[in-house]
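One structure is given below, encoded as C-alpha cells.
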Amino acid sequence: MSKYNRGSNIFAGFRSLGFVCNNVPHGMRYHARSKDHYVITAIGKAFHTYRVSKLAIVAVSDTHPEDITCLVADAFLAYTACKNVVRAFTLGQKVVHTYNGHTSDVHLLLPFGDHLVSIDADSNLKIWDIQSEELYLDLPFDNNIFRISALMHPATYLNKILLGSHQGGMQLWNIKSNKLLYTFQNLDSPITVIKQSPAVDVVAVGLANGKIILLNIKYDETIVTFTQDWGPVTDIAFRTDGNPIMVTGSTAGHLAIWNLEERRLQAQMRDVHAGAVAAVSFLTSEPILVTNGGDNTLKVWIFDQPDGSGRILRLRKGHSAPPTSIKYYGKMGKNILSAGQDGTLKSFSMVHDKHNKDLGVAAYDKAPGKKKDSKKGWKHMRPITCFAAETSRESDWDGIAACHQGTSMVTTWNYQKSNMGKHKIKHDRFKGVPGVQATVRAVDISSCGNFLAVGWSTGDADQYNIQSGIHRGTYGDPKAHNGAIRGLAINGLNQVVITGSADCQLKFWHFKKKNLLQSLEFSLPISQLLLHRESSMLAVVTDDFTIHVVDADLKRVVRRFSGHHNRVTDLAFSQDARWLITSSMDCTVRTWDLPTAKLIDCFLVDEAVTSVTLSPTNDFLATSHVDDLGIYLWSNKTLYSHVSIRPLPDDYVPTLISLPGTSAEKGQATGVDVEGGDEKMEEDDEEEEKEEEELMEFKSPDQIGEELITLSLLPNSRWQSLTHLDLIKKRNKPKQPPKAPKAAPFFLPTVAGLTPKFIASSDEQTDKPSSHVLNLSNMEMKSDLCVLLEKGASPEHYDAVLKFLKTMSPSRIDMEFRSLDPVGGGSVLAMRQFISFLHHSLTTGRDYELIQAYLALFLKLHGAMIARESDLAEELSSLAQIQESSWLRIQRHFDQSLCLVKYLKSAKI
C-alpha cells in the first residue's frame with residue numbers, strides 16, 4: 001500500500017442537493033410566538049425543518065451515524081430514533097439528551113409531558129425522564145402475544161397511553177402506576193395507526209386490511225367503520241376547523257376523504273404520492289393538509305374544492321429515483337440540470353431551493369407546452385439517459401435535447417417555460433419499418449443554439465433544426481459508422497461534427513457539407529466522448545477504460561490516461577481545459593492534469609459515481625451516485641487556499657471520503673447541527689443580546705494585535721516611499737539652483753523638521769552659567785536612533801523607538817537607518833537591537849504596515865553587512881519565522897474575505 005494515501009487534495013465535501021423527505025412519517029410542531037407551523041422530515045441520516053407557511057427550509061441537521069427510523073416533535077424538542085439510540089435536539093443545533101438502553105431498533109416514539117415513550121422492534125416499552133435521561137419505566141411485551149405496532153395518548157386521559165398490536169388487540173395502560181387498565185376487543189387485523197379524533201373518548205384505528213374504525217374507548221363501542229380498497233391504512237388525520245372530515249392515507253399513494261356526519265366517502269385524491277403515503281397532518285383550525293411519502297416529495301394541500309377534496313398549495317419535490325445524468329446549466333454555474341430514473345428533468349439551484357425547477361415528465365402523448373399535472377393518463381416515456389443543453393437561444397425556442405432509454409425519439413425541453421418542448425424528433429427511416437430496433441445514443445446542440453446533431457444505434461448520424469424540428473441532412477453515405485454511435489460533438493464554430501462509434505472509428509465531418517474530413521482508428525470500441533469547445537480538446541474513452549485526449553484541430557491524440565479499473569461513467573473538463581475529471585464504476589473520481597499528463601488527484605467514495613460535472617467557474621464539482629437520490633457538491637479548494645498540486649505516484653491508494661450532508665460542511669461532528677425550530681426562535685432574542693454585548697466589548701490595540709493586526713494610520717507618504725527615496729530624489733531633482741528662502745523675522749526663530757517649530761526662550765538656560773569644561777560625549781558621531789537603541793531592550797524602550805520614528809520624515813528615517821552601520825557611526829549592537837525591535841513589533845501585531853516598510857528599508861541598506869555578521873544573520877533568521885507566522889495569521893482571513901466579495905459580485909439571486 002502506498003504511503004501517500006490521503007483524502008482529496010483538490011476537492012472538499014460541501015453539501016448535497018435534491019433531498020426533501022423519505023418514507024419516515026413527518027413530525028409537526030406549532031410555534032406560539034411566530035404563530036406558524038413547522039414540519040420536520042427525515043432524509044436518511046439527517047432531517048430538515050420546513051416552515052409550512054412558505055414551505056421554506058429553516059434548518060438542516062448534520063448526519064446521524066445511521067438512517068433515522070422514527071421522528072417526532074413537541075413544543076420544545078425534536079426526537080429522533082437511530083438504530084437503538086434516541087436523541088433529543090434543542091436550539092436546532094446540538095443534541096442535548098441521549099437515551100441509551102434499547103437492545104433493538106426503535107420504531108415508535110411519543111412525547112408525553114415530561115416523559116418520552118419509546119418502543120423497539122422487540123416490543124420493549126421504555127419511558128424516559130426527558131431532562132434527567134433516567135429510565136422511569138421498563139415494560140416488556142411478548143411479540144408472539146402482543147407485538148406493539150401503534151402508540152397514542154388519548155386526550156384528557158391522565159397518565160394513560162393506548163397501545164395497538166400486530167395481532168389486532170389494543171390495551172390501555174396507566175404509566176404512572178404501571179397497570180393494565182383495559183384490554184379492548186380484538187379487531188382481527190394488524191393495527192397500523194391510532195389517532196385521536198376531535199371528540200373526546202373517540203379514536204380512529206387504521207388496520208392493515210384497509211378498514212378504519214371509529215372507536216369509543218370509554219365504552220369499547222364501535223361508532224362507524226369505513227373501508228378503503230387500496231390496502232393498509234398508513235395514517236389518519238382530522239380537520240379541526242369545524243368540518244367533520246377525516247382523511248386516510250394508503251400504500252397505493254391515494255387519499256380518501258370521509259364525511260363523518262354523513263358516514264360516507266366524500267371524495268378521493270389519487271396519485272398523491274408515487275408510492276405509499278407516509279403521513280398526513282392537518283394544521284390546527286385550518287383546511288390545510290401536509291403529506292409526505294417515500295417519493296421524496298412534501299406537499300401542502302388546501303381543501304377548497306367543490307367536492308370536498310384538496311388541491312396543491314405548495315410543493316417541495318426531488319427525484320423519486322436516482323439521477324442518471326447531471327450538467328451545469330448556464331455560464332454562471334448556479335443551476336444543475338438533472339435527469340432521473342423517474343423520467344423527470346429537474347433543475348436544482350445552488351443558491352436557494354426556491355429557485356429549483358421541475359421541467360416535468362416526458363410523455364408520448366403530452367401536448368406541447370403542457371404542464372405535468374394538467375392532464376392525467378399520459379403514457380410516460382422511459383428515463384432520460386443523456387441530454388445536451390445550450391443557453392444562447394433559450395428565450396426564443398427549446399434549448400435542451402434529451403435521449404431516452406431504449407427509444408428512437410429525441411425530446412426537446414424549454415428551460416424558461418419549465419416544460420417539455422414542441423418537438424419529438426424521430427427520423428422517417430425508423431417509422432413503420434419492421435425489424436429496425438434503433439435507439440438514440442448521443443445528442444449535441446450547436447453553440448449558436450440553432451442545430452441539433454443526433455447519433456443512433458444503427459450507425460446513422462443526422463442534423464436537425466431545433467427551432468422547427470426539420471431534418472437538415474445525414475452524415476455518411478449511407479451511414480456514418482458501421483457500429484452504434486456512442487458519442488457525438490459539434491465544435492464551437494459550427495465547422496466540424498465529431499462522432500465516435502463501437503466500430504473503433506473517430507470521424508470528423510464537415511458541418512454543412514456533411515462529407516468526411518478525417519478518421520482516426522482506435523484499437524478498441526469507443527464508449528463515450530466529450531469536447532471542450534474553447535480549446536478543441538476532445539476526451540475519448542475506449543472499452544479498456546483508457547481516456548485518450550485528441551486535439552480536434554490537429555486531429556491527433558496528444559494524451560493518454562489509464563488507471564481506472566472499471567467502466568468510465570462520465571467526464572468533465574475544467575473551464576481552462578487544464579484538468580480532466582473522470583468518474584468510474586470502481587468508485588473513484590480522478591483528476592488528470594493535461595499539460596503534465598499526470599494524475600494529480602484521486603479519491604474514493606462508497607457508492608459509484610454515475611455522472612460528474614464541473615461548474616463553468618470551477619468552484620464546485622457535482623456528482624450523482626448509484627442508488628442515491630441526491631446531487632453532491634464538492635468545493636474546489638484551490639480557489640480559496642494554497643494547494644500544492646503534485647503528480648501522484650503509480651502505487652497511490654485513494655482514501656475513502658464520506659459524502660457531504662445537506663448542510664455546508666464544517667468538519668466532522670458527533671451531534672446534529674440544526675439551524676431552526678421552535679426552540680431556536682424562542683432563544684433568538686437572548687442570542688442577539690449576547691452578540692450585541694460581544695460586539696460592544698472594547699478591545700485594545702494590543703488585544704486586536706494578538707488576534708489580527710493593527711495599522712499605524714499614518715499618511716501613506718510617510719512609509720510607502722521609504723524604499724524608493726533614491727528614485728524620488730532623482731525624479732525631483734531641480735532643474736535650476738534653489739533660491740534662497742526669505743529670511744524669517746528675527747524675533748521668530750524656528751527649528752527645521754517635518755513639523756516646523758518655533759524656538760521657545762528659556763529663562764533657565766540663560767540664567768545658568770556656561771561651563772568651560774569640554775564634554776567629550778558631545779563629540780560622538782552616534783545618531784539619535786542609535787542612542788535610543790543602545791539604551792535598552794525592554795518593551796518600553798521599543799515603544800520609545802517607534803514613537804521617535806513616527807515623528808520623522810522619510811528622508812530623515814533613511815538617514816537614521818544609514819547611521820546604524822558601524823562605518824556610519826553606529827554599531828553592531830545597535831543593529832542587533834533594531835532587529836529585536838522589529839521582532840517585538842511583529843509579535844505584538846501593531847503598526848503592521850509601518851514595521852514592514854522599516855524592515856524593507858533596513859534590509860535594503862544593510863543586507864550585505866548582515867550577511868557578513870553571523871550573529872546578525874541568526875537574529876534575522878528568527879525574525880523571518882516571526883514574519884511568516886504573522887502573515888499566515890491574517891492570510892486566511894484575507895482569502896476568505898476576497899472569496900466572499902467575489903461571490904457577492906457574481907451572485908444573481
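Note on naming: chains are A, B, ... as they come in the C-alpha cells, residues start from 1 per chain, ligands start from 1 in the order shown.
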Nearby residues (only C-alpha atoms) at most 9 Å from A:Pro140, same-chain spacing under 4 positions excluded, as a PyMOL selection string: chain A and resi 122-126
Residues near stretch 288-290 of chain A, cut-off 9 Å, only C-alpha atoms, skip fewer than 2 positions along chain, as a PDB file with C-alpha atoms, in the first residue's frame:
```pdb
ATOM      1  CA  VAL A  39     -42.854  20.228   9.594  1.00  0.00           C
ATOM      2  CA  VAL A  52     -45.327  25.402   6.393  1.00  0.00           C
ATOM      3  CA  ALA A 237     -55.886  12.963  10.119  1.00  0.00           C
ATOM      4  CA  ARG A 239     -59.895  18.532  10.232  1.00  0.00           C
ATOM      5  CA  ALA A 279     -48.032  10.611   6.961  1.00  0.00           C
ATOM      6  CA  VAL A 280     -50.933  13.084   6.779  1.00  0.00           C
ATOM      7  CA  SER A 281     -51.429  16.026   9.160  1.00  0.00           C
ATOM      8  CA  PHE A 282     -53.999  18.828   9.267  1.00  0.00           C
ATOM      9  CA  LEU A 283     -52.938  22.218  10.587  1.00  0.00           C
ATOM     10  CA  THR A 284     -54.791  23.363  13.686  1.00  0.00           C
ATOM     11  CA  SER A 285     -58.082  25.114  12.794  1.00  0.00           C
ATOM     12  CA  GLU A 286     -57.122  25.328   9.101  1.00  0.00           C
ATOM     13  CA  ASN A 292     -45.087  13.228   2.687  1.00  0.00           C
ATOM     14  CA  LEU A 298     -43.503  17.037   0.565  1.00  0.00           C
ATOM     15  CA  LYS A 299     -46.892  18.538  -0.327  1.00  0.00           C
ATOM     16  CA  VAL A 300     -49.240  21.046   1.252  1.00  0.00           C
ATOM     17  CA  TRP A 301     -52.912  20.806   0.207  1.00  0.00           C
ATOM     18  CA  ILE A 302     -55.749  23.265   0.702  1.00  0.00           C
ATOM     19  CA  PHE A 303     -59.278  21.828   0.907  1.00  0.00           C
ATOM     20  CA  GLY A 310     -57.919  19.399  -1.871  1.00  0.00           C
ATOM     21  CA  LEU A 313     -50.971  24.728  -2.408  1.00  0.00           C
TER      22      LEU A 313
END
```
12 Å contact set for A:Met815, only C-alpha atoms, chain neighbours under 3 positions out, as a PyMOL selection string: chain A and resi 722+725+782-786+805+808-812+818-821+824-826+857-858+861
Any chance you can output those residues with N, CA and C atoms as a PDB file, in the first residue's frame?
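Output saved as result.pdb:
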```pdb
ATOM      1  N   LEU A 722       9.606  54.812   1.408  1.00  0.00           N
ATOM      2  CA  LEU A 722      10.878  54.599   2.097  1.00  0.00           C
ATOM      3  C   LEU A 722      11.889  53.849   1.242  1.00  0.00           C
ATOM      4  N   LEU A 725      13.348  56.157  -2.130  1.00  0.00           N
ATOM      5  CA  LEU A 725      13.810  57.535  -1.947  1.00  0.00           C
ATOM      6  C   LEU A 725      14.804  57.943  -3.017  1.00  0.00           C
ATOM      7  N   LYS A 782      27.327  59.218  16.990  1.00  0.00           N
ATOM      8  CA  LYS A 782      26.147  58.374  17.005  1.00  0.00           C
ATOM      9  C   LYS A 782      24.890  59.196  16.788  1.00  0.00           C
ATOM     10  N   SER A 783      23.963  58.610  15.994  1.00  0.00           N
ATOM     11  CA  SER A 783      22.691  59.287  15.719  1.00  0.00           C
ATOM     12  C   SER A 783      21.729  59.103  16.887  1.00  0.00           C
ATOM     13  N   ASP A 784      20.631  59.858  16.840  1.00  0.00           N
ATOM     14  CA  ASP A 784      19.634  59.770  17.906  1.00  0.00           C
ATOM     15  C   ASP A 784      19.012  58.377  17.975  1.00  0.00           C
ATOM     16  N   LEU A 785      18.762  57.774  16.801  1.00  0.00           N
ATOM     17  CA  LEU A 785      18.178  56.436  16.789  1.00  0.00           C
ATOM     18  C   LEU A 785      19.139  55.421  17.390  1.00  0.00           C
ATOM     19  N   CYS A 786      20.407  55.539  17.103  1.00  0.00           N
ATOM     20  CA  CYS A 786      21.408  54.620  17.650  1.00  0.00           C
ATOM     21  C   CYS A 786      21.471  54.733  19.164  1.00  0.00           C
ATOM     22  N   LEU A 805      10.445  57.254  15.625  1.00  0.00           N
ATOM     23  CA  LEU A 805      10.443  57.072  14.173  1.00  0.00           C
ATOM     24  C   LEU A 805       9.189  57.660  13.535  1.00  0.00           C
ATOM     25  N   MET A 808       9.430  61.369  12.343  1.00  0.00           N
ATOM     26  CA  MET A 808      10.412  61.784  11.346  1.00  0.00           C
ATOM     27  C   MET A 808       9.864  61.642   9.938  1.00  0.00           C
ATOM     28  N   SER A 809      10.455  62.421   9.043  1.00  0.00           N
ATOM     29  CA  SER A 809      10.116  62.345   7.628  1.00  0.00           C
ATOM     30  C   SER A 809      10.830  61.160   6.998  1.00  0.00           C
ATOM     31  N   PRO A 810      10.405  60.713   5.790  1.00  0.00           N
ATOM     32  CA  PRO A 810      11.088  59.581   5.141  1.00  0.00           C
ATOM     33  C   PRO A 810      12.568  59.804   4.915  1.00  0.00           C
ATOM     34  N   SER A 811      12.956  60.994   4.524  1.00  0.00           N
ATOM     35  CA  SER A 811      14.381  61.258   4.284  1.00  0.00           C
ATOM     36  C   SER A 811      15.172  61.206   5.584  1.00  0.00           C
ATOM     37  N   ARG A 812      14.571  61.688   6.674  1.00  0.00           N
ATOM     38  CA  ARG A 812      15.261  61.627   7.966  1.00  0.00           C
ATOM     39  C   ARG A 812      15.386  60.179   8.437  1.00  0.00           C
ATOM     40  N   ARG A 818      20.786  54.636   7.876  1.00  0.00           N
ATOM     41  CA  ARG A 818      22.147  54.524   7.336  1.00  0.00           C
ATOM     42  C   ARG A 818      23.191  54.678   8.428  1.00  0.00           C
ATOM     43  N   SER A 819      22.851  55.481   9.447  1.00  0.00           N
ATOM     44  CA  SER A 819      23.820  55.746  10.515  1.00  0.00           C
ATOM     45  C   SER A 819      23.956  54.585  11.486  1.00  0.00           C
ATOM     46  N   LEU A 820      23.117  53.528  11.346  1.00  0.00           N
ATOM     47  CA  LEU A 820      23.246  52.374  12.232  1.00  0.00           C
ATOM     48  C   LEU A 820      24.456  51.526  11.886  1.00  0.00           C
ATOM     49  N   ASP A 821      24.959  51.616  10.680  1.00  0.00           N
ATOM     50  CA  ASP A 821      26.134  50.850  10.264  1.00  0.00           C
ATOM     51  C   ASP A 821      27.361  51.362  11.008  1.00  0.00           C
ATOM     52  N   GLY A 824      29.098  54.171   9.445  1.00  0.00           N
ATOM     53  CA  GLY A 824      28.417  55.456   9.514  1.00  0.00           C
ATOM     54  C   GLY A 824      28.319  56.012  10.908  1.00  0.00           C
ATOM     55  N   GLY A 825      28.990  55.416  11.869  1.00  0.00           N
ATOM     56  CA  GLY A 825      28.966  55.921  13.232  1.00  0.00           C
ATOM     57  C   GLY A 825      28.115  55.085  14.156  1.00  0.00           C
ATOM     58  N   GLY A 826      27.504  54.010  13.672  1.00  0.00           N
ATOM     59  CA  GLY A 826      26.679  53.154  14.509  1.00  0.00           C
ATOM     60  C   GLY A 826      27.481  52.017  15.106  1.00  0.00           C
ATOM     61  N   LEU A 857      13.342  48.721   4.270  1.00  0.00           N
ATOM     62  CA  LEU A 857      14.420  49.699   4.137  1.00  0.00           C
ATOM     63  C   LEU A 857      15.686  49.225   4.855  1.00  0.00           C
ATOM     64  N   PHE A 858      15.525  48.617   6.017  1.00  0.00           N
ATOM     65  CA  PHE A 858      16.686  48.138   6.775  1.00  0.00           C
ATOM     66  C   PHE A 858      17.432  47.066   5.988  1.00  0.00           C
ATOM     67  N   LEU A 861      19.358  48.576   2.974  1.00  0.00           N
ATOM     68  CA  LEU A 861      20.563  49.341   3.289  1.00  0.00           C
ATOM     69  C   LEU A 861      21.675  48.473   3.868  1.00  0.00           C
TER      70      LEU A 861
END
```
For A:Ile223: contacts at 9 Å, only C-alpha atoms, fewer than 4 positions along chain excluded, given as number ranges by chain: A: 202, 213-216
Non-local contacts of stretch 488-504 of chain A (6 Å; only C-alpha atoms; under 6 positions in same chain excluded) as an NGL selection string: :A and (442 or 444 or 446-447 or 510-511 or 522 or 524-526 or 533)
I need the residues from that last selection saved to file as an mmCIF file, in the first residue's frame (with N, CA and C atoms), if you can.
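The result, stored in result-v5.cif:
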```cif
data_model
loop_
_atom_site.group_PDB
_atom_site.id
_atom_site.type_symbol
_atom_site.label_atom_id
_atom_site.label_comp_id
_atom_site.auth_asym_id
_atom_site.auth_seq_id
_atom_site.Cartn_x
_atom_site.Cartn_y
_atom_site.Cartn_z
ATOM 1 N N ALA A 442 -26.685 9.445 -28.698
ATOM 2 C CA ALA A 442 -25.936 10.671 -28.413
ATOM 3 C C ALA A 442 -26.604 11.856 -29.083
ATOM 4 N N ASP A 444 -26.181 16.444 -29.393
ATOM 5 C CA ASP A 444 -25.434 17.656 -29.079
ATOM 6 C C ASP A 444 -26.089 18.824 -29.788
ATOM 7 N N SER A 446 -25.556 22.819 -31.171
ATOM 8 C CA SER A 446 -24.506 23.753 -31.576
ATOM 9 C C SER A 446 -24.467 24.947 -30.642
ATOM 10 N N SER A 447 -23.312 25.615 -30.606
ATOM 11 C CA SER A 447 -23.140 26.751 -29.701
ATOM 12 C C SER A 447 -24.057 27.921 -30.039
ATOM 13 N N HIS A 510 -17.662 17.472 -42.038
ATOM 14 C CA HIS A 510 -17.926 18.885 -42.323
ATOM 15 C C HIS A 510 -19.355 19.196 -41.898
ATOM 16 N N PHE A 511 -19.495 20.282 -41.131
ATOM 17 C CA PHE A 511 -20.793 20.578 -40.536
ATOM 18 C C PHE A 511 -21.868 20.820 -41.589
ATOM 19 N N PHE A 522 -8.973 3.552 -33.519
ATOM 20 C CA PHE A 522 -8.577 3.145 -32.181
ATOM 21 C C PHE A 522 -8.561 1.624 -32.114
ATOM 22 N N LEU A 524 -9.737 -0.249 -29.741
ATOM 23 C CA LEU A 524 -10.928 -0.804 -29.106
ATOM 24 C C LEU A 524 -12.123 0.099 -29.384
ATOM 25 N N PRO A 525 -13.346 -0.415 -29.192
ATOM 26 C CA PRO A 525 -14.532 0.420 -29.420
ATOM 27 C C PRO A 525 -14.556 1.634 -28.503
ATOM 28 N N ILE A 526 -15.109 2.713 -29.014
ATOM 29 C CA ILE A 526 -15.248 3.958 -28.255
ATOM 30 C C ILE A 526 -16.543 3.888 -27.446
ATOM 31 N N ARG A 533 -15.111 22.972 -26.126
ATOM 32 C CA ARG A 533 -15.192 23.749 -27.354
ATOM 33 C C ARG A 533 -14.170 24.873 -27.424
#
```
DSSP strand (DSSP E or B) residues within stretch 262-295 of chain A, as a VMD selection string: chain A and resid 264 to 269 277 to 282 288 to 293
Based on the selection just made, write C-alpha atoms of those residues as a PDB file, in the first residue's frame.
```pdb
ATOM      1  CA  ARG A 264     -69.744   8.173   3.678  1.00  0.00           C
ATOM      2  CA  LEU A 265     -66.833   8.599   1.335  1.00  0.00           C
ATOM      3  CA  GLN A 266     -66.916  12.202   0.188  1.00  0.00           C
ATOM      4  CA  ALA A 267     -64.014  12.324  -2.256  1.00  0.00           C
ATOM      5  CA  GLN A 268     -60.831  10.620  -3.421  1.00  0.00           C
ATOM      6  CA  MET A 269     -57.417  12.077  -4.165  1.00  0.00           C
ATOM      7  CA  VAL A 277     -48.329   7.938   1.829  1.00  0.00           C
ATOM      8  CA  ALA A 278     -46.072   8.100   4.877  1.00  0.00           C
ATOM      9  CA  ALA A 279     -48.032  10.611   6.961  1.00  0.00           C
ATOM     10  CA  VAL A 280     -50.933  13.084   6.779  1.00  0.00           C
ATOM     11  CA  SER A 281     -51.429  16.026   9.160  1.00  0.00           C
ATOM     12  CA  PHE A 282     -53.999  18.828   9.267  1.00  0.00           C
ATOM     13  CA  ILE A 288     -54.524  22.728   5.226  1.00  0.00           C
ATOM     14  CA  LEU A 289     -53.154  19.196   4.924  1.00  0.00           C
ATOM     15  CA  VAL A 290     -49.454  18.238   4.900  1.00  0.00           C
ATOM     16  CA  THR A 291     -48.390  14.926   3.361  1.00  0.00           C
ATOM     17  CA  ASN A 292     -45.087  13.228   2.687  1.00  0.00           C
ATOM     18  CA  GLY A 293     -44.084   9.983   1.039  1.00  0.00           C
TER      19      GLY A 293
END
```
Contact residues around stretch 885-901 of chain A with only C-alpha atoms at 12 Å, ignoring same-chain residues under 3 positions, as a ChimeraX atom specification: /A:619,636-642,704-710,839-846,848-849,851-852,878-882,904-907
Limited to N, CA and C atoms, could you put the picked residues into a file as an mmCIF file, in the first residue's frame?
```
data_model
loop_
_atom_site.group_PDB
_atom_site.id
_atom_site.type_symbol
_atom_site.label_atom_id
_atom_site.label_comp_id
_atom_site.auth_asym_id
_atom_site.auth_seq_id
_atom_site.Cartn_x
_atom_site.Cartn_y
_atom_site.Cartn_z
ATOM 1 N N ASP A 619 -15.713 26.412 -9.400
ATOM 2 C CA ASP A 619 -15.788 26.472 -7.947
ATOM 3 C C ASP A 619 -16.376 25.216 -7.321
ATOM 4 N N ASN A 636 -13.929 23.424 -4.715
ATOM 5 C CA ASN A 636 -12.570 23.419 -5.246
ATOM 6 C C ASN A 636 -11.673 24.213 -4.295
ATOM 7 N N LYS A 637 -10.826 23.513 -3.554
ATOM 8 C CA LYS A 637 -10.004 24.159 -2.537
ATOM 9 C C LYS A 637 -8.953 25.081 -3.119
ATOM 10 N N THR A 638 -8.585 24.890 -4.378
ATOM 11 C CA THR A 638 -7.534 25.717 -4.971
ATOM 12 C C THR A 638 -7.980 27.161 -5.166
ATOM 13 N N LEU A 639 -9.283 27.447 -5.076
ATOM 14 C CA LEU A 639 -9.772 28.806 -5.286
ATOM 15 C C LEU A 639 -9.685 29.664 -4.037
ATOM 16 N N TYR A 640 -9.626 29.041 -2.859
ATOM 17 C CA TYR A 640 -9.622 29.843 -1.640
ATOM 18 C C TYR A 640 -8.493 29.492 -0.675
ATOM 19 N N SER A 641 -7.600 28.626 -1.065
ATOM 20 C CA SER A 641 -6.444 28.316 -0.224
ATOM 21 C C SER A 641 -5.309 27.825 -1.110
ATOM 22 N N HIS A 642 -4.126 27.863 -0.552
ATOM 23 C CA HIS A 642 -2.957 27.398 -1.304
ATOM 24 C C HIS A 642 -2.906 25.881 -1.272
ATOM 25 N N ILE A 704 -6.259 43.365 19.794
ATOM 26 C CA ILE A 704 -6.501 43.144 18.369
ATOM 27 C C ILE A 704 -5.259 42.568 17.714
ATOM 28 N N GLY A 705 -4.100 43.074 18.095
ATOM 29 C CA GLY A 705 -2.858 42.591 17.507
ATOM 30 C C GLY A 705 -2.597 41.125 17.792
ATOM 31 N N GLU A 706 -3.070 40.637 18.966
ATOM 32 C CA GLU A 706 -2.893 39.226 19.279
ATOM 33 C C GLU A 706 -3.711 38.344 18.336
ATOM 34 N N GLU A 707 -4.889 38.828 17.910
ATOM 35 C CA GLU A 707 -5.754 38.035 17.033
ATOM 36 C C GLU A 707 -5.489 38.341 15.557
ATOM 37 N N LEU A 708 -5.389 39.642 15.213
ATOM 38 C CA LEU A 708 -5.165 40.045 13.835
ATOM 39 C C LEU A 708 -3.962 40.979 13.791
ATOM 40 N N ILE A 709 -4.123 42.185 13.236
ATOM 41 C CA ILE A 709 -3.073 43.206 13.221
ATOM 42 C C ILE A 709 -3.744 44.564 13.330
ATOM 43 N N THR A 710 -2.966 45.568 13.651
ATOM 44 C CA THR A 710 -3.439 46.957 13.609
ATOM 45 C C THR A 710 -2.532 47.767 12.691
ATOM 46 N N HIS A 839 11.392 42.426 15.745
ATOM 47 C CA HIS A 839 10.850 41.167 16.256
ATOM 48 C C HIS A 839 9.717 41.437 17.237
ATOM 49 N N HIS A 840 9.928 42.358 18.159
ATOM 50 C CA HIS A 840 8.905 42.704 19.149
ATOM 51 C C HIS A 840 7.670 43.301 18.474
ATOM 52 N N SER A 841 7.863 44.158 17.502
ATOM 53 C CA SER A 841 6.736 44.827 16.846
ATOM 54 C C SER A 841 5.889 43.843 16.049
ATOM 55 N N LEU A 842 6.532 42.888 15.346
ATOM 56 C CA LEU A 842 5.767 41.898 14.591
ATOM 57 C C LEU A 842 5.023 40.951 15.525
ATOM 58 N N THR A 843 5.593 40.682 16.687
ATOM 59 C CA THR A 843 4.930 39.804 17.643
ATOM 60 C C THR A 843 3.658 40.440 18.191
ATOM 61 N N THR A 844 3.700 41.711 18.474
ATOM 62 C CA THR A 844 2.522 42.396 19.004
ATOM 63 C C THR A 844 1.467 42.651 17.940
ATOM 64 N N GLY A 845 1.865 42.716 16.656
ATOM 65 C CA GLY A 845 0.904 42.924 15.583
ATOM 66 C C GLY A 845 0.447 44.358 15.424
ATOM 67 N N ARG A 846 1.121 45.310 16.037
ATOM 68 C CA ARG A 846 0.714 46.711 15.942
ATOM 69 C C ARG A 846 1.525 47.428 14.866
ATOM 70 N N TYR A 848 1.360 47.463 11.600
ATOM 71 C CA TYR A 848 1.894 46.396 10.762
ATOM 72 C C TYR A 848 2.538 46.930 9.488
ATOM 73 N N GLU A 849 1.860 47.822 8.800
ATOM 74 C CA GLU A 849 2.392 48.282 7.518
ATOM 75 C C GLU A 849 3.630 49.162 7.721
ATOM 76 N N ILE A 851 5.898 48.784 10.187
ATOM 77 C CA ILE A 851 7.007 47.895 10.512
ATOM 78 C C ILE A 851 7.512 47.187 9.257
ATOM 79 N N GLN A 852 6.597 46.818 8.357
ATOM 80 C CA GLN A 852 7.013 46.187 7.119
ATOM 81 C C GLN A 852 7.868 47.130 6.275
ATOM 82 N N SER A 878 15.551 34.267 12.844
ATOM 83 C CA SER A 878 14.440 34.207 13.794
ATOM 84 C C SER A 878 13.347 35.206 13.428
ATOM 85 N N LEU A 879 13.791 36.393 12.962
ATOM 86 C CA LEU A 879 12.810 37.407 12.543
ATOM 87 C C LEU A 879 11.999 36.926 11.341
ATOM 88 N N ALA A 880 12.631 36.178 10.437
ATOM 89 C CA ALA A 880 11.925 35.673 9.259
ATOM 90 C C ALA A 880 10.807 34.714 9.661
ATOM 91 N N GLN A 881 11.027 33.899 10.680
ATOM 92 C CA GLN A 881 9.988 32.992 11.147
ATOM 93 C C GLN A 881 8.807 33.757 11.734
ATOM 94 N N ILE A 882 9.096 34.787 12.516
ATOM 95 C CA ILE A 882 8.018 35.611 13.080
ATOM 96 C C ILE A 882 7.264 36.326 11.972
ATOM 97 N N LEU A 904 -20.215 37.561 -3.954
ATOM 98 C CA LEU A 904 -21.294 38.540 -3.903
ATOM 99 C C LEU A 904 -21.367 39.361 -5.185
ATOM 100 N N LYS A 905 -20.227 39.590 -5.827
ATOM 101 C CA LYS A 905 -20.243 40.320 -7.090
ATOM 102 C C LYS A 905 -20.864 39.501 -8.212
ATOM 103 N N SER A 906 -20.638 38.180 -8.172
ATOM 104 C CA SER A 906 -21.094 37.346 -9.283
ATOM 105 C C SER A 906 -22.468 36.749 -9.047
ATOM 106 N N ALA A 907 -22.940 36.726 -7.792
ATOM 107 C CA ALA A 907 -24.219 36.076 -7.496
ATOM 108 C C ALA A 907 -25.373 36.907 -8.015
#
```
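Proximity of A:Ile161, A:Val550, A:Ala572, A:Val612 to A:Ser338, computed with only C-alpha atoms, is greatest for A:Val612.
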A:Lys317 surroundings by only C-alpha atoms, 12 Å radius, close-in-sequence under 5 positions cut, as number ranges by chain: A: 17-22, 55, 273-274, 291-300, 344-348, 353-354, 356-360, 629-630
Nearest to A:Leu77 by atom-to-atom distance, counting only C-alpha atoms, from A:Pro65, A:Gly27, A:Ser34, A:Ser53: A:Gly27
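Across A:Asp428, A:Asp307, A:Asp142, A:Asp396, the tightest approach to A:Tyr415 is made by A:Asp396 when counting only C-alpha atoms.
If only C-alpha atoms are the atoms counted, then among A:Thr225, A:Phe89, A:Lys803, A:Glu261 the closest residue to A:Gly242 is A:Glu261.
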